[in-house]
Amino acid sequence: MIHHLADVQSTRIGDGTNIWQFCVVLKNAVIGSNCNICSNSFIEDDVVIGDNVTIKNGVYIWNGLRIGDNVFVGPCVAFTNDIYPRSKHRAKPVSTTVNRGASIGANATIKCGITVGEYAMIGMGAVVTRDVPAYALVMGNPAKIAGWVDESGRKLIRHDEKSFISPDGVIYLETKSGLQKQ
């Protein structure tokens with residue numbers, strides 16, 4: 001469903017995706033299936049959004065952003081795509097990747113050029129200035145790791161020196177890129 005008050009120029013939108021009123025989607029944007037793009041959002045040309053993604057109200061998705069499947073982007077999240085922005089200066093956009101299953105809380109700010117790992121959770125209002133490892137819970141300004149979460153967002157507890165465990169007994173091993181589900 002594309003609301004009649006949305007300006008959707010792209011034809012590359014998957015089945016079952018809803019785009020609500022006052023959204024603008026430029027012609028080269030790619031949006032997957034079963035997404036929900038809430039009102040007052042803007043999606044530029046060089047953007048790829050996976051399946052089952054929720055983009056809440058007031059989110060602007062600039063060129064160079066790649067969003068994986070099953071990602072949640074809370075209201076008024078601010079993405080950037082230029083490290084040295086200047087008026088009337090058009091630099092090549094810096095890519096940012098938000099991997100599968102990640103969640104970004106309301107009013108978080110995401111610096112361009114970083115990667116948000118799978119199933120990571122970014123707290124509301126966080127200012128993310130560096131890569132977020134898989135399954136990490138980050139909070140604050142600048143955002144720092146405050147813990148680890150499972151695929152449902154439940155906090156993990158330390159199991160032993162090299163692993164964490166979920167409330168239902170699933171083990172996650174520490175790796176250089178975050179945690180890995182066993």
# chains A, B, ... in the order shown; residues from 1 in each chain; ligands from 1

$ closest_atom_pairs --of "range 18-89 of chain A" --to "range 126-146 of chain A" --cutoff "12 Å" --atoms "only C-alpha atoms" --output "JSON lines"
{"residue": "A:Gly74", "atom": "CA", "partner": "A:Ala126", "partner_atom": "CA", "distance": 11.8}
{"residue": "A:Val77", "atom": "CA", "partner": "A:Ala126", "partner_atom": "CA", "distance": 9.6}
{"residue": "A:Ala78", "atom": "CA", "partner": "A:Val127", "partner_atom": "CA", "distance": 9.4}
{"residue": "A:Phe79", "atom": "CA", "partner": "A:Val128", "partner_atom": "CA", "distance": 9.8}
{"residue": "A:Thr80", "atom": "CA", "partner": "A:Thr129", "partner_atom": "CA", "distance": 10.8}
{"residue": "A:Ile83", "atom": "CA", "partner": "A:Thr129", "partner_atom": "CA", "distance": 11.1}

$ select_by_dssp --residues "chain A" --states "strand (DSSP E or B)" --output "count of residues only"
69

$ residues_around --residues "Pro75 in chain A" --least-positions-apart "3" --cutoff "9 Å" --atoms "only C-alpha atoms" --output "list of chain:residue names"
A:Cys38, A:Ile55, A:Lys56, A:Asn57, A:Gly58, A:Val59, A:Gly105, A:Ala106, A:Asn107, A:Ala108

$ closest_residue --among "A:Trp20, A:Tyr119, A:Tyr84, A:Tyr172" --to "Asp69 in chain A" --atoms "only C-alpha atoms"
A:Tyr119

$ atom_distance --atom1 "CA of Ile157 in chain A" --atom2 "CA of Ile114 in chain A"
26.5 Å

$ atom_distance --atom1 "CA of Phe72 in chain A" --atom2 "CA of Met121 in chain A"
9.4 Å

$ residues_around --residues "Ser166 in chain A" --least-positions-apart "4" --cutoff "9 Å" --atoms "only C-alpha atoms" --output "PyMOL selection string"
chain A and resi 149-150+154-157+170-172

$ atom_distance --atom1 "CA of Asn36 in chain A" --atom2 "CA of Ser95 in chain A"
22.5 Å
